[in-house]
file coords09.cif (mmCIF, C-alpha atoms)
data_upload
#
loop_
_atom_site.label_atom_id
_atom_site.label_comp_id
_atom_site.auth_asym_id
_atom_site.auth_seq_id
_atom_site.Cartn_x
_atom_site.Cartn_y
_atom_site.Cartn_z
CA MET A 24 182.43 197.81 158.42
CA LYS A 25 179.95 195.30 156.98
CA LEU A 26 177.71 193.65 159.54
CA ASN A 27 176.24 190.17 159.25
CA PRO A 28 173.70 189.27 161.96
CA TYR A 29 173.83 185.61 160.93
CA PHE A 30 177.52 185.53 161.87
CA LYS A 31 176.69 186.45 165.46
CA GLU A 32 173.97 183.81 165.54
CA GLU A 33 176.30 181.20 164.13
CA VAL A 34 178.98 181.89 166.76
CA ASN A 35 176.47 181.62 169.57
CA ARG A 36 174.97 178.45 168.14
CA GLU A 37 178.40 176.82 167.85
CA LEU A 38 179.78 177.91 171.21
CA GLY A 39 176.62 177.46 173.24
CA GLU A 40 173.51 179.57 173.26
CA HIS A 41 174.17 183.18 174.23
CA LYS A 42 177.60 182.41 175.70
CA ILE A 43 179.37 185.32 174.04
CA LEU A 44 176.28 187.52 174.27
CA MET A 45 176.68 187.42 178.06
CA CYS A 46 179.56 189.89 177.64
CA TYR A 47 178.72 193.31 179.05
CA GLN A 48 181.98 194.89 177.92
CA CYS A 49 183.46 195.43 181.37
CA GLY A 50 186.94 195.01 179.86
CA LYS A 51 188.36 192.70 182.51
CA CYS A 52 189.51 190.29 179.79
CA SER A 53 191.66 193.04 178.30
CA SER A 54 192.93 194.38 181.59
CA PHE A 55 194.23 190.93 182.55
CA CYS A 56 195.53 190.11 179.05
CA PRO A 57 199.36 190.22 178.97
CA LEU A 58 199.34 191.11 175.27
CA PHE A 59 196.87 193.97 175.69
CA ASN A 60 199.02 195.34 178.48
CA LEU A 61 202.05 195.39 176.19
CA GLU A 62 200.48 196.38 172.85
CA PRO A 63 196.83 197.41 173.24
CA GLU A 64 196.52 198.22 169.55
CA LYS A 65 197.69 194.77 168.52
CA PHE A 66 195.39 192.67 170.66
CA ASN A 67 192.26 193.61 172.53
CA PRO A 68 189.96 190.75 173.63
CA ARG A 69 187.15 193.13 174.55
CA ARG A 70 187.15 194.59 171.04
CA ILE A 71 187.11 191.14 169.46
CA ILE A 72 184.07 190.08 171.52
CA GLU A 73 182.33 193.33 170.64
CA MET A 74 182.98 192.81 166.94
CA VAL A 75 181.47 189.32 167.16
CA ASN A 76 178.47 190.59 169.08
CA ILE A 77 177.60 193.24 166.52
CA GLY A 78 178.08 190.75 163.68
CA ALA A 79 181.29 192.23 162.25
CA GLU A 80 182.41 189.17 160.31
CA ASP A 81 185.56 190.98 159.19
CA VAL A 82 186.99 190.04 162.58
CA LEU A 83 188.01 186.85 160.75
CA LYS A 84 190.39 188.88 158.58
CA LEU A 85 192.21 190.58 161.45
CA ASP A 86 195.81 189.68 162.32
CA ASP A 87 194.76 190.22 165.94
CA ILE A 88 193.02 186.87 166.30
CA TRP A 89 196.31 185.07 165.52
CA ARG A 90 198.19 186.83 168.31
CA CYS A 91 196.36 185.32 171.31
CA THR A 92 198.64 182.97 173.27
CA THR A 93 195.64 181.18 174.82
CA CYS A 94 197.04 181.80 178.32
CA TYR A 95 193.46 181.95 179.73
CA GLU A 96 194.06 185.06 181.87
CA CYS A 97 190.89 186.49 180.27
CA ALA A 98 188.78 183.43 181.00
CA GLU A 99 190.08 183.18 184.57
CA ASN A 100 189.00 186.74 185.30
CA CYS A 101 185.74 187.13 183.35
CA PRO A 102 182.85 187.89 185.74
CA GLN A 103 180.46 186.34 183.21
CA LYS A 104 182.54 183.12 182.94
CA ILE A 105 183.04 183.59 179.22
CA ASN A 106 185.89 181.45 177.91
CA PHE A 107 187.45 183.86 175.42
CA VAL A 108 189.97 181.23 174.32
CA GLU A 109 187.11 179.08 173.02
CA LEU A 110 185.99 182.05 170.95
CA ILE A 111 189.51 182.61 169.58
CA VAL A 112 189.80 178.92 168.64
CA TYR A 113 186.43 179.12 166.88
CA LEU A 114 187.31 182.34 165.01
CA ARG A 115 190.65 180.88 163.88
CA THR A 116 188.98 177.69 162.65
CA LYS A 117 186.45 179.77 160.68
CA ALA A 118 189.18 182.05 159.33
CA THR A 119 191.15 178.98 158.22
CA GLU A 120 188.13 177.61 156.37
CA LYS A 121 187.88 180.92 154.54
CA GLY A 122 191.56 180.89 153.63
CA PHE A 123 192.71 183.66 155.99
CA ALA A 124 195.11 181.58 158.13
CA PRO A 125 198.78 182.60 158.21
CA LYS A 126 201.18 180.17 156.57
CA LEU A 127 203.48 179.14 159.43
CA PRO A 128 200.87 177.61 161.76
CA LEU A 129 199.48 175.72 158.76
CA GLN A 130 202.88 174.04 158.33
CA GLU A 131 202.51 172.54 161.80
CA LEU A 132 199.09 171.19 160.95
CA GLU A 133 200.48 169.68 157.73
CA SER A 134 203.29 168.04 159.69
CA VAL A 135 200.76 166.44 162.04
CA ARG A 136 198.72 165.26 159.06
CA LYS A 137 201.70 163.77 157.24
CA GLU A 138 204.00 162.53 160.01
CA GLY A 139 201.63 162.30 162.95
CA PHE A 140 203.90 164.68 164.90
CA SER A 141 204.22 168.43 165.08
CA VAL A 142 208.02 168.37 165.43
CA PRO A 143 210.45 166.63 163.05
CA LEU A 144 212.98 164.20 164.53
CA SER A 145 216.38 165.74 163.84
CA PRO A 146 219.28 163.42 162.84
CA ARG A 147 221.12 164.61 165.97
CA ALA A 148 218.26 163.69 168.26
CA LYS A 149 217.82 160.36 166.44
CA LYS A 150 221.47 159.49 167.00
CA TRP A 151 221.30 160.48 170.67
CA ILE A 152 218.19 158.36 171.18
CA GLU A 153 219.86 155.35 169.54
CA ASN A 154 222.87 155.70 171.82
CA TYR A 155 221.18 156.45 175.11
CA MET A 156 217.54 155.56 175.01
CA VAL A 157 217.64 151.81 174.43
CA GLU A 158 218.92 150.86 177.86
CA VAL A 159 216.19 152.69 179.73
CA LYS A 160 213.49 151.61 177.30
CA THR A 161 214.21 147.89 177.69
CA ARG A 162 214.22 148.19 181.45
CA GLY A 163 210.92 150.05 181.34
CA MET B 6 200.57 153.89 193.71
CA ASN B 7 200.54 150.29 192.52
CA GLU B 8 199.24 150.82 189.04
CA THR B 9 200.52 150.93 185.50
CA ILE B 10 200.62 154.41 184.12
CA VAL B 11 200.63 155.26 180.44
CA TYR B 12 203.49 157.62 179.76
CA PHE B 13 202.86 160.13 176.95
CA PRO B 14 206.08 162.13 176.32
CA GLY B 15 204.77 164.29 173.46
CA CYS B 16 206.54 165.58 170.35
CA LEU B 17 209.01 168.09 171.81
CA ALA B 18 210.26 165.90 174.66
CA SER B 19 210.72 162.84 172.50
CA ARG B 20 211.88 164.41 169.22
CA LYS B 21 213.55 167.75 169.96
CA PHE B 22 214.73 167.43 173.57
CA PRO B 23 215.18 163.65 173.99
CA GLY B 24 216.97 164.17 177.30
CA PHE B 25 213.62 165.19 178.80
CA ASP B 26 212.14 161.84 177.82
CA TYR B 27 215.22 159.93 178.98
CA SER B 28 215.26 161.70 182.34
CA THR B 29 211.59 160.92 182.83
CA ARG B 30 211.99 157.21 182.12
CA PHE B 31 214.89 157.15 184.57
CA ILE B 32 212.73 158.82 187.24
CA LEU B 33 209.85 156.40 186.70
CA GLN B 34 212.19 153.45 187.12
CA LYS B 35 213.92 154.89 190.17
CA LEU B 36 210.56 155.43 191.83
CA ASN B 37 209.33 151.96 190.86
CA ILE B 38 206.46 153.30 188.82
CA GLU B 39 205.30 150.76 186.26
CA PHE B 40 204.78 152.44 182.91
CA LYS B 41 203.84 151.63 179.36
CA MET B 42 204.21 153.58 176.15
CA SER B 43 202.83 153.12 172.66
CA ASP B 44 204.28 153.62 169.19
CA GLU B 45 200.71 154.23 168.07
CA PHE B 46 200.46 157.60 169.79
CA SER B 47 200.51 160.66 167.53
CA CYS B 48 200.95 164.33 168.42
CA CYS B 49 198.47 165.07 171.25
CA PRO B 50 197.72 167.38 169.10
CA ASP B 51 198.92 170.86 170.00
CA PRO B 52 196.13 172.73 171.81
CA VAL B 53 197.04 176.07 170.25
CA TRP B 54 197.64 175.69 166.55
CA VAL B 55 196.16 172.35 165.56
CA ARG B 56 193.07 173.09 167.66
CA SER B 57 192.82 176.57 166.16
CA LEU B 58 193.26 175.50 162.54
CA SER B 59 191.24 172.32 162.51
CA TYR B 60 189.18 171.73 165.61
CA LYS B 61 187.82 168.51 164.10
CA GLU B 62 191.25 166.96 163.58
CA TRP B 63 192.38 168.10 167.02
CA LYS B 64 189.38 166.43 168.60
CA GLU B 65 189.67 163.21 166.57
CA ARG B 66 193.38 162.72 167.23
CA GLY B 67 192.96 163.55 170.90
CA ILE B 68 190.19 160.97 171.20
CA ARG B 69 192.32 158.43 169.36
CA ASN B 70 195.26 158.91 171.75
CA LEU B 71 192.98 158.49 174.76
CA GLU B 72 191.42 155.34 173.28
CA ILE B 73 194.89 153.83 172.81
CA ALA B 74 195.90 154.83 176.33
CA LYS B 75 192.91 153.36 178.10
CA ASN B 76 193.84 149.88 176.91
CA LEU B 77 197.36 150.18 178.29
CA GLY B 78 196.98 151.35 181.87
CA SER B 79 194.94 153.11 184.48
CA LYS B 80 196.21 156.68 184.13
CA LEU B 81 197.74 158.74 181.33
CA VAL B 82 200.64 160.91 182.45
CA THR B 83 202.28 163.65 180.38
CA ILE B 84 205.39 165.79 180.84
CA CYS B 85 204.14 168.64 178.66
CA ASN B 86 201.59 171.32 179.52
CA GLY B 87 200.30 171.30 175.94
CA CYS B 88 199.74 167.53 175.90
CA PHE B 89 198.12 167.82 179.30
CA GLU B 90 195.75 170.56 178.14
CA THR B 91 194.72 168.75 174.98
CA LEU B 92 194.22 165.31 176.46
CA PHE B 93 192.58 166.57 179.64
CA THR B 94 190.26 168.93 177.74
CA VAL B 95 189.32 166.25 175.20
CA LYS B 96 188.57 163.85 178.03
CA LYS B 97 186.44 166.42 179.88
CA THR B 98 184.64 167.66 176.77
CA PHE B 99 183.96 164.55 174.71
CA PHE B 100 183.91 161.71 177.23
CA ASN B 101 181.95 163.56 179.86
CA GLY B 102 185.07 163.03 181.98
CA LYS B 103 184.67 159.25 181.75
CA SER B 104 187.85 158.19 180.05
CA ILE B 105 191.30 157.38 181.37
CA PRO B 106 192.44 159.94 183.99
CA VAL B 107 194.96 162.44 182.61
CA GLU B 108 197.63 164.04 184.78
CA HIS B 109 200.83 166.03 184.44
CA LEU B 110 203.70 163.98 185.90
CA LEU B 111 204.66 166.84 188.20
CA TYR B 112 201.28 166.61 189.89
CA THR B 113 201.43 162.79 190.00
CA LEU B 114 204.81 162.84 191.75
CA TRP B 115 203.83 165.67 194.10
CA LYS B 116 200.69 163.82 195.09
CA ASN B 117 202.18 160.36 195.55
CA LYS B 118 205.95 160.33 195.66
CA LYS B 119 207.29 163.26 197.65
CA GLU B 120 208.55 161.22 200.59
CA GLU B 121 210.07 158.56 198.36
CA ILE B 122 211.89 161.18 196.29
CA LYS B 123 213.18 162.83 199.46
CA ASN B 124 214.60 159.53 200.65
CA LYS B 125 216.22 158.69 197.32
CA ILE B 126 218.02 161.94 196.54
CA ILE B 127 221.69 161.28 195.90
CA ASN B 128 222.71 164.65 194.41
CA PRO B 129 220.88 167.45 196.23
CA LEU B 130 220.83 170.91 194.65
CA ASN B 131 221.60 172.74 197.87
CA GLY B 132 222.61 176.36 197.40
CA LYS B 133 221.01 176.67 193.96
CA ARG B 134 218.42 179.37 193.42
CA PHE B 135 215.95 178.86 190.59
CA GLY B 136 213.22 181.03 189.12
CA ILE B 137 210.18 178.80 188.65
CA HIS B 138 207.65 178.91 185.83
CA GLU B 139 204.76 176.44 185.83
CA GLY B 140 203.36 177.70 182.54
CA CYS B 141 199.78 178.56 181.69
CA HIS B 142 198.41 175.18 180.77
CA PHE B 143 199.52 173.31 183.87
CA LYS B 144 196.31 174.38 185.57
CA ARG B 145 194.38 176.73 183.32
CA PRO B 146 191.55 176.90 182.54
CA THR B 147 190.84 176.29 186.21
CA SER B 148 187.14 175.91 185.42
CA LEU B 149 188.15 172.51 184.03
CA THR B 150 191.23 171.49 186.00
CA LEU B 151 190.17 172.44 189.52
CA THR B 152 187.27 170.04 189.30
CA GLU B 153 189.86 167.27 189.58
CA PHE B 154 192.97 168.91 190.99
CA LYS B 155 191.55 171.04 193.77
CA GLU B 156 194.90 171.36 195.57
CA LEU B 157 196.32 173.39 192.70
CA LYS B 158 194.23 176.32 193.87
CA GLU B 159 196.27 176.61 197.05
CA VAL B 160 199.62 175.01 196.33
CA ASN B 161 202.46 175.94 194.03
CA VAL B 162 203.42 172.40 193.16
CA LEU B 163 206.58 173.31 191.24
CA LYS B 164 207.85 175.40 194.16
CA GLU B 165 207.46 172.48 196.55
CA MET B 166 209.06 170.06 194.11
CA VAL B 167 212.08 172.31 193.49
CA GLU B 168 212.53 172.81 197.23
CA LEU B 169 212.34 169.04 197.66
CA LEU B 170 215.63 168.85 195.72
CA GLY B 171 217.29 171.23 198.16
CA ALA B 172 217.18 174.31 195.94
CA GLU B 173 215.56 177.67 196.58
CA ALA B 174 212.53 178.40 194.40
CA VAL B 175 211.89 182.01 193.38
CA GLU B 176 208.31 182.72 192.42
CA GLY B 177 207.12 185.40 190.05
CA THR B 178 203.80 186.13 188.40
CA GLU B 179 201.98 183.41 186.49
CA SER B 180 202.37 185.27 183.21
CA CYS B 181 202.66 183.56 179.82
CA CYS B 182 206.04 182.67 178.23
CA GLY B 183 204.70 183.89 174.89
CA LEU B 184 205.62 180.82 172.86
CA PRO B 185 202.23 180.31 171.18
CA ASN B 186 202.40 183.49 169.12
CA PHE B 187 206.07 183.10 168.25
CA ILE B 188 205.11 182.12 164.72
CA THR B 189 202.59 184.90 164.19
CA ASP B 190 204.22 187.85 165.98
CA LYS B 191 207.78 187.09 167.05
CA GLU B 192 208.44 190.56 168.43
CA LEU B 193 205.43 190.46 170.72
CA SER B 194 206.18 186.88 171.69
CA PHE B 195 209.76 187.71 172.73
CA PHE B 196 208.53 190.81 174.54
CA LEU B 197 206.29 188.63 176.72
CA ALA B 198 209.09 186.16 177.45
CA ARG B 199 211.54 188.91 178.43
CA LYS B 200 209.01 190.39 180.81
CA ARG B 201 208.62 187.02 182.52
CA ILE B 202 212.36 186.27 182.60
CA ASP B 203 213.16 189.69 184.08
CA GLU B 204 211.00 188.88 187.10
CA PHE B 205 213.80 186.59 188.29
CA LYS B 206 216.78 188.36 189.84
CA ASN B 207 220.08 186.68 190.77
CA VAL B 208 219.01 183.16 189.92
CA ASP B 209 221.12 180.17 188.84
CA GLY B 210 218.55 179.31 186.22
CA ILE B 211 214.88 179.06 185.37
CA VAL B 212 212.99 175.81 185.93
CA VAL B 213 210.02 174.90 183.75
CA ILE B 214 207.74 171.90 183.37
CA CYS B 215 206.70 172.47 179.77
CA PRO B 216 208.98 171.82 176.77
CA SER B 217 207.34 174.74 174.91
CA CYS B 218 208.14 177.22 177.69
CA PHE B 219 211.65 175.75 177.78
CA SER B 220 212.12 176.30 174.07
CA GLN B 221 210.78 179.85 174.22
CA PHE B 222 212.92 180.97 177.18
CA GLU B 223 216.07 179.45 175.68
CA ASN B 224 215.46 181.04 172.28
CA VAL B 225 214.90 184.47 173.79
CA LEU B 226 217.89 184.24 176.13
CA ALA B 227 220.17 182.95 173.35
CA ASN B 228 218.91 185.68 171.03
CA ASP B 229 219.65 188.29 173.72
CA LYS B 230 223.03 186.67 174.52
CA ARG B 231 222.12 186.21 178.17
CA GLU B 232 223.68 183.31 180.05
CA ILE B 233 220.75 182.24 182.22
CA PRO B 234 220.31 178.48 181.87
CA VAL B 235 216.86 176.96 181.58
CA TYR B 236 216.08 173.54 183.05
CA PHE B 237 213.29 171.11 182.53
CA TYR B 238 212.28 170.06 186.05
CA PHE B 239 212.56 166.36 185.29
CA GLU B 240 216.21 166.78 184.23
CA LEU B 241 217.01 168.18 187.66
CA LEU B 242 214.99 165.50 189.41
CA ALA B 243 216.70 162.74 187.40
CA TYR B 244 220.10 164.22 188.24
CA SER B 245 219.18 164.41 191.91
CA LEU B 246 218.11 160.79 191.81
CA GLY B 247 221.44 159.75 190.32
CA LEU B 248 221.28 159.98 186.53
CA ASP B 249 224.74 160.58 185.03
CA LYS B 250 225.37 164.03 183.65
CA GLU B 251 226.10 162.77 180.12
CA ASN B 252 222.70 161.07 179.98
CA LEU B 253 220.76 164.23 180.78
CA GLY B 254 220.85 165.43 177.19
CA PHE B 255 222.25 168.83 178.12
CA GLU B 256 223.81 169.08 174.64
CA PHE B 257 220.32 169.91 173.36
CA HIS B 258 220.27 173.06 175.48
CA ARG B 259 221.18 176.30 173.75
CA ILE B 260 222.39 177.90 176.99
CA LYS B 261 225.10 175.99 178.81
CA PRO B 262 223.75 174.49 182.06
CA PHE B 263 225.65 174.78 185.34
CA SER B 264 228.56 172.45 185.95
CA ILE B 265 227.43 169.51 188.05
#
call {"tool": "encode", "arguments": {"input": "coords09.cif", "output": "structure tokens"}}
result
Amino acid sequence: MKLNPYFKEEVNRELGEHKILMCYQCGKCSSFCPLFNLEPEKFNPRRIIEMVNIGAEDVLKLDDIWRCTTCYECAENCPQKINFVELIVYLRTKATEKGFAPKLPLQELESVRKEGFSVPLSPRAKKWIENYMVEVKTRG
Amino acid sequence: MNETIVYFPGCLASRKFPGFDYSTRFILQKLNIEFKMSDEFSCCPDPVWVRSLSYKEWKERGIRNLEIAKNLGSKLVTICNGCFETLFTVKKTFFNGKSIPVEHLLYTLWKNKKEEIKNKIINPLNGKRFGIHEGCHFKRPTSLTLTEFKELKEVNVLKEMVELLGAEAVEGTESCCGLPNFITDKELSFFLARKRIDEFKNVDGIVVICPSCFSQFENVLANDKREIPVYFYFELLAYSLGLDKENLGFEFHRIKPFSI
């Protein structure tokens, strides 16, 4: 594993000085994580923080960082008040910049860029809205 | 509550499950809540994927939506946990909290309209037993939300609001529905949803307040060929307040709802 001390510095600079460095690896984030409790090999918040804190930039290439549901169980239970979700968001943004993002989430971003919305309006929904929505809308 | 609220339905409720939006407008009218909307609003945007892929665009669009809202009314109200998380977080992070207040409609109604709802119920849901799922982003991260919604620490708002309609509310854990990683690890995502669904025994359905949780539970249940209906709370409230069955938009459900 290649280590890059500047990566660690960059993360801490972006997320707030020493925020992630406050982690003392107690593992509460993982023990409260619903994903870790189902598939510990697939997603382990404690391991991700440790990788960041030793400067293992390859964390950006892991599938693991795309599995977090951002449910905040980790953040709610961290004795050091570290918001792990903020770290995940940051790592995903960095991974995207480097071209490591999976394709499907990118489609949602493209939809927001092009249409302004993340969900297309289906012809069925459009028809239903035309039939039912007008009456309420005008009274609103 | 004599004020004009800005109603922000969000993408799923207005484009995929239009009955959610319709039910909500009906509720607002029934409860004499003045509301305004805007065609200028975009996606909130989604606090999971848009925020994760392009934090800058997430922030800019969130700020834009709040700027539009503040010229329309005194409070922005959403019916989606995702929209709530994005707009509330953007407000707290980039406006130092000093922008238009952002609330989830469930909280707004619980705080201000419980008595009025009780007095206006035409179709009570007596005898029904529902599993309730508030969803992660209704109050998490509490480090942000509890600064403004202190009551959420003590009260299960959805439980009280379901009971207000005459139904029994069955609580479970506060575990995640799993929707956010549906597109990156479907197996794991469904695994999470099943675990949550299986917490509810002998229920007439599951009640949610987030269109994403709704979508996830329905997809998993339909995939597993299980006939447990899922309801968006505001559909049930609208029905209780007198909205006709055909206007609820139940045809957009994958699992057939109960006959009412």
call {"tool": "resolve_selection", "arguments": {"input": "coords09.cif", "expression": "the PyMOL selection byres ((chain A) within 9 of (chain B))", "output": "MDAnalysis selection string"}}
result
chainID A and resid 57:58 61:62 86 89:96 98:99 104 106 111:120 124:125 127:129 131:132 135:136 138:145 148:149 151:152 155:156 159:160 162:163
call {"tool": "atom_distance", "arguments": {"input": "coords09.cif", "atom1": "atom CA of A:Cys52", "atom2": "atom CA of B:Glu156"}}
result
25.2 Å
call {"tool": "atom_distance", "arguments": {"input": "coords09.cif", "atom1": "atom CA of B:Gly247", "atom2": "atom CA of B:Ile122"}}
result
11.4 Å
call {"tool": "atom_distance", "arguments": {"input": "coords09.cif", "atom1": "atom CA of A:Glu80", "atom2": "atom CA of A:Lys65"}}
result
18.2 Å
call {"tool": "resolve_selection", "arguments": {"input": "coords09.cif", "expression": "the PyMOL selection byres ((chain A and resi 72-74) around 12)", "output": "VMD selection string"}}
result
chain A and resid 24 to 28 30 to 31 34 to 35 42 to 50 52 to 53 66 to 71 75 to 85 88 97 105 to 111 114
call {"tool": "residues_around", "arguments": {"input": "coords09.cif", "residues": "B:His138", "least_positions_apart": "2", "cutoff": "8 Å", "atoms": "all atoms listed in the file", "output": "list of chain:residue names"}}
result
B:Gly136, B:Gly140, B:Leu163, B:Glu176, B:Gly177, B:Glu179, B:Ile211, B:Val212, B:Val213, B:Ile214
call {"tool": "resolve_selection", "arguments": {"input": "coords09.cif", "expression": "the PyMOL selection byres ((chain B and resi 215) around 9)", "output": "count of residues only"}}
result
18
